[in-house]
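Everything below belongs to input16.tsv, which stores TSV, C-alpha atoms.
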chain	number	residue	atom	x	y	z
A	229	MET	CA	3.47	-16.67	22.04
A	230	SER	CA	2.48	-13.43	20.36
A	231	GLN	CA	-0.91	-13.03	18.75
A	232	PHE	CA	-1.12	-11.30	15.37
A	233	LYS	CA	-4.37	-9.75	14.18
A	234	ILE	CA	-5.35	-7.70	11.13
A	235	ARG	CA	-8.13	-5.12	11.18
A	236	PHE	CA	-9.44	-2.39	8.93
A	237	ALA	CA	-8.37	1.11	9.92
A	238	THR	CA	-10.90	3.66	11.14
A	239	LYS	CA	-10.89	7.44	10.98
A	240	ASP	CA	-9.40	7.45	14.49
A	241	ASP	CA	-6.31	5.72	13.01
A	242	ALA	CA	-5.40	8.65	10.74
A	243	GLY	CA	-2.51	9.73	12.98
A	244	LEU	CA	-1.25	6.14	13.20
A	245	ILE	CA	-1.42	5.79	9.42
A	246	LEU	CA	0.63	8.98	9.05
A	247	GLU	CA	3.22	7.58	11.48
A	248	PHE	CA	3.50	4.42	9.36
A	249	ILE	CA	3.79	6.49	6.17
A	250	LYS	CA	6.62	8.53	7.71
A	251	SER	CA	8.40	5.36	8.88
A	252	LEU	CA	8.06	3.88	5.40
A	253	ALA	CA	9.46	7.08	3.89
A	254	VAL	CA	12.52	6.86	6.15
A	255	TYR	CA	13.03	3.23	5.09
A	256	GLU	CA	12.73	4.21	1.42
A	257	LYS	CA	15.04	7.22	1.91
A	258	MET	CA	12.21	9.55	0.85
A	259	GLU	CA	11.28	11.24	4.14
A	260	ASN	CA	11.40	14.71	2.56
A	261	ASP	CA	8.67	13.70	0.10
A	262	VAL	CA	5.93	13.17	2.69
A	263	VAL	CA	3.37	15.98	2.57
A	264	ALA	CA	0.41	13.95	3.84
A	265	THR	CA	-1.31	15.22	6.97
A	266	ILE	CA	-3.77	13.70	9.40
A	267	GLU	CA	-6.48	15.81	7.78
A	268	SER	CA	-5.57	14.76	4.21
A	269	ILE	CA	-5.65	11.12	5.30
A	270	LYS	CA	-9.02	11.54	7.01
A	271	THR	CA	-10.43	13.21	3.91
A	272	SER	CA	-8.98	10.96	1.20
A	273	ILE	CA	-9.37	7.59	2.93
A	274	PHE	CA	-12.32	7.93	5.26
A	275	GLU	CA	-14.50	10.58	3.60
A	276	LEU	CA	-13.78	10.22	-0.14
A	277	HIS	CA	-12.96	6.48	0.14
A	278	GLN	CA	-10.05	6.79	-2.30
A	279	ALA	CA	-8.15	3.97	-0.55
A	280	GLU	CA	-8.46	1.49	2.28
A	281	VAL	CA	-6.02	0.60	5.04
A	282	ILE	CA	-5.49	-2.50	7.11
A	283	ILE	CA	-3.52	-2.45	10.34
A	284	GLY	CA	-1.45	-5.37	11.61
A	285	GLU	CA	-1.29	-5.72	15.38
A	286	GLU	CA	0.86	-7.90	17.59
A	287	ASP	CA	-0.74	-8.37	20.99
A	288	SER	CA	-3.04	-5.40	20.23
A	289	LYS	CA	-0.08	-3.11	19.40
A	290	PRO	CA	-0.11	-1.67	15.84
A	291	ILE	CA	3.09	-2.82	14.12
A	292	GLY	CA	2.34	-2.44	10.40
A	293	PHE	CA	-0.06	-1.29	7.75
A	294	ALA	CA	-1.06	-1.80	4.15
A	295	LEU	CA	-2.80	0.81	2.01
A	296	PHE	CA	-4.63	-0.39	-1.09
A	297	TYR	CA	-7.25	0.60	-3.62
A	298	TYR	CA	-8.95	-0.79	-6.68
A	299	ASN	CA	-7.69	-0.20	-10.20
A	300	TYR	CA	-9.33	-1.44	-13.37
A	301	SER	CA	-8.10	-3.74	-16.13
A	302	THR	CA	-9.79	-2.99	-19.43
A	303	PHE	CA	-8.47	-6.27	-20.84
A	304	LEU	CA	-9.99	-8.29	-17.98
A	305	GLY	CA	-13.08	-6.09	-17.78
A	306	LYS	CA	-12.93	-5.91	-14.00
A	307	ALA	CA	-11.35	-4.23	-11.03
A	308	ASN	CA	-8.21	-5.51	-9.35
A	309	LEU	CA	-6.46	-4.68	-6.12
A	310	PHE	CA	-3.45	-2.35	-6.11
A	311	LEU	CA	-1.25	-2.37	-3.04
A	312	GLU	CA	0.25	1.10	-2.65
A	313	ASP	CA	2.24	0.42	0.51
A	314	LEU	CA	2.95	-2.38	2.93
A	315	PHE	CA	5.16	-1.65	5.91
A	316	ILE	CA	6.06	-3.55	9.08
A	317	ASN	CA	8.03	-1.81	11.83
A	318	GLU	CA	11.56	-3.18	11.93
A	319	PRO	CA	11.47	-5.04	15.26
A	320	TYR	CA	8.50	-7.06	13.96
A	321	ARG	CA	9.91	-8.13	10.60
A	322	ASN	CA	10.78	-11.73	9.76
A	323	LYS	CA	7.90	-13.06	11.86
A	324	GLY	CA	5.64	-13.81	8.89
A	325	TYR	CA	3.44	-10.75	9.42
A	326	GLY	CA	4.09	-9.30	5.95
A	327	LYS	CA	3.05	-12.58	4.37
A	328	GLN	CA	-0.08	-12.70	6.54
A	329	MET	CA	-1.00	-9.17	5.47
A	330	LEU	CA	-0.48	-10.06	1.80
A	331	SER	CA	-2.58	-13.19	2.31
A	332	TYR	CA	-5.31	-11.03	3.83
A	333	LEU	CA	-5.17	-8.70	0.81
A	334	ALA	CA	-5.26	-11.68	-1.54
A	335	LYS	CA	-8.40	-12.90	0.23
A	336	ILE	CA	-10.01	-9.46	-0.18
A	337	ALA	CA	-9.11	-9.57	-3.88
A	338	VAL	CA	-10.56	-13.06	-4.34
A	339	ASP	CA	-13.71	-12.17	-2.36
A	340	LYS	CA	-14.20	-9.08	-4.57
A	341	ASN	CA	-13.78	-11.16	-7.75
A	342	CYS	CA	-10.43	-9.55	-8.63
A	343	ASP	CA	-7.99	-11.54	-10.73
A	344	ARG	CA	-4.86	-9.60	-9.74
A	345	LEU	CA	-3.06	-7.99	-6.85
A	346	ASP	CA	-0.44	-5.58	-8.16
A	347	TRP	CA	2.20	-3.40	-6.49
A	348	TRP	CA	5.48	-1.65	-7.15
A	349	CYS	CA	8.78	-2.22	-5.40
A	350	LEU	CA	11.87	-0.05	-5.51
A	351	ASP	CA	14.63	-1.72	-7.53
A	352	TRP	CA	17.15	-1.55	-4.67
A	353	ASN	CA	14.84	-3.28	-2.16
A	354	THR	CA	16.34	-6.74	-2.59
A	355	PRO	CA	14.88	-8.29	0.60
A	356	SER	CA	11.35	-7.39	-0.50
A	357	ILE	CA	11.92	-8.50	-4.10
A	358	GLU	CA	13.20	-11.88	-2.91
A	359	PHE	CA	10.24	-12.21	-0.54
A	360	TYR	CA	7.72	-11.38	-3.27
A	361	LYS	CA	9.24	-13.93	-5.63
A	362	LYS	CA	9.21	-16.54	-2.86
A	363	ILE	CA	5.44	-16.17	-2.40
A	364	GLY	CA	4.85	-16.57	-6.16
A	365	ALA	CA	4.70	-12.97	-7.40
A	366	GLN	CA	5.94	-12.30	-10.92
A	367	GLN	CA	8.27	-9.40	-11.56
A	368	LEU	CA	7.08	-7.56	-14.66
A	369	SER	CA	9.93	-6.28	-16.78
A	370	GLU	CA	8.10	-5.16	-19.90
A	371	TRP	CA	6.39	-2.16	-18.27
A	372	ASN	CA	7.75	1.29	-17.48
A	373	VAL	CA	6.18	3.48	-14.82
A	374	PHE	CA	5.33	7.05	-15.83
A	375	ARG	CA	4.16	9.91	-13.67
A	376	LEU	CA	2.83	13.43	-14.18
A	377	GLN	CA	2.95	15.52	-11.04
A	378	GLN	CA	2.86	19.08	-9.76
A	379	ASP	CA	3.80	21.62	-12.45
A	380	ALA	CA	3.81	19.11	-15.32
A	381	LEU	CA	0.34	17.89	-14.33
A	382	LYS	CA	-1.02	21.43	-14.08
A	383	LYS	CA	0.57	22.40	-17.40
A	384	LEU	CA	-0.99	19.45	-19.21
A	385	SER	CA	-4.39	20.11	-17.61
A	386	LYS	CA	-4.44	23.53	-19.26
A	387	GLY	CA	-4.29	21.88	-22.69
A	388	TYR	CA	-7.91	20.72	-22.51
A	389	LYS	CA	-10.42	23.05	-24.17
Encoded form (structure tokens):
Amino acid sequence: MSQFKIRFATKDDAGLILEFIKSLAVYEKMENDVVATIESIKTSIFELHQAEVIIGEEDSKPIGFALFYYNYSTFLGKANLFLEDLFINEPYRNKGYGKQMLSYLAKIAVDKNCDRLDWWCLDWNTPSIEFYKKIGAQQLSEWNVFRLQQDALKKLSKGYK
């Protein structure tokens, strides 16, 4: 029987985290969008503490990761957990590991007095959507996601005097 364990990532895991990010990008058909490097991960996660990462291991072998950070709800007046990415390598899916990692994140949220755990899911990712609904997540339909990036972000930043 395999043993599954979850641990927090360390700076030494930066290369592993990048491997998971690249695998996720392939799954999401976005591999050309990855510009992260080992150095950018070390800086943003382990030096600036802009996010945290947990690693899922089966029999001490890393098989998945989740990257999360805290956002803030002005209406609730408190921080909440935002799950940026959760990924399990394909041979290890359907073993309950994704649910265990979400349960672990939920425990972190509860322990930190958060009232919510939020994330996004691509609209074509039916297996994940069905899984999320099965564990009790609500799909929000009244919100649209907006993004400023690259040139548009720089252009807008020049408007401040």
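Distance-wise, atom CA of A:Phe274 and atom CA of A:Trp348 end up 23.7 Å apart.
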Quote the spacing between atom CA of A:Thr238 and atom CA of A:Phe359 in Å to one decimal place. 28.9 Å
Taking all atoms listed in the file into account, which of A:Asp346, A:Val373, A:Glu312, A:Lys239 comes nearest A:Leu276? A:Lys239
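Here the question is which of A:Lys289, A:Lys382, A:Lys361, A:Lys327 gets nearest to A:Lys233 using all atoms listed in the file, and that residue is A:Lys289.
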Would you pick out the contacts of stretch 293-299 of chain A at 7 Å or less, using only C-alpha atoms, so that residues sharing its chain but fewer than 3 positions from it are not included, and give the list as an MDAnalysis selection string? chainID A and resid 248 278:284 307:316
Quick one: distance from atom CA of A:Ile363 to atom CA of A:Leu244 in Å, one decimal? 28.0 Å
Smallest atom-to-atom distance to A:Ala237: which of A:Lys270, A:Asp343, A:Tyr255, A:Thr302, using all atoms listed in the file? A:Lys270
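Each of A:Lys257, A:Ile269, A:Ser301, A:Lys323 was compared to A:Asp241 using all atoms listed in the file, and A:Ile269 turns out to be the nearest.
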Set the distance at 7 Å and use all atoms listed in the file: which residues neighbour A:Glu259 once local chain neighbours fewer than 4 positions away are removed? I'd like the list as a PyMOL selection string. chain A and resi 250+253-254
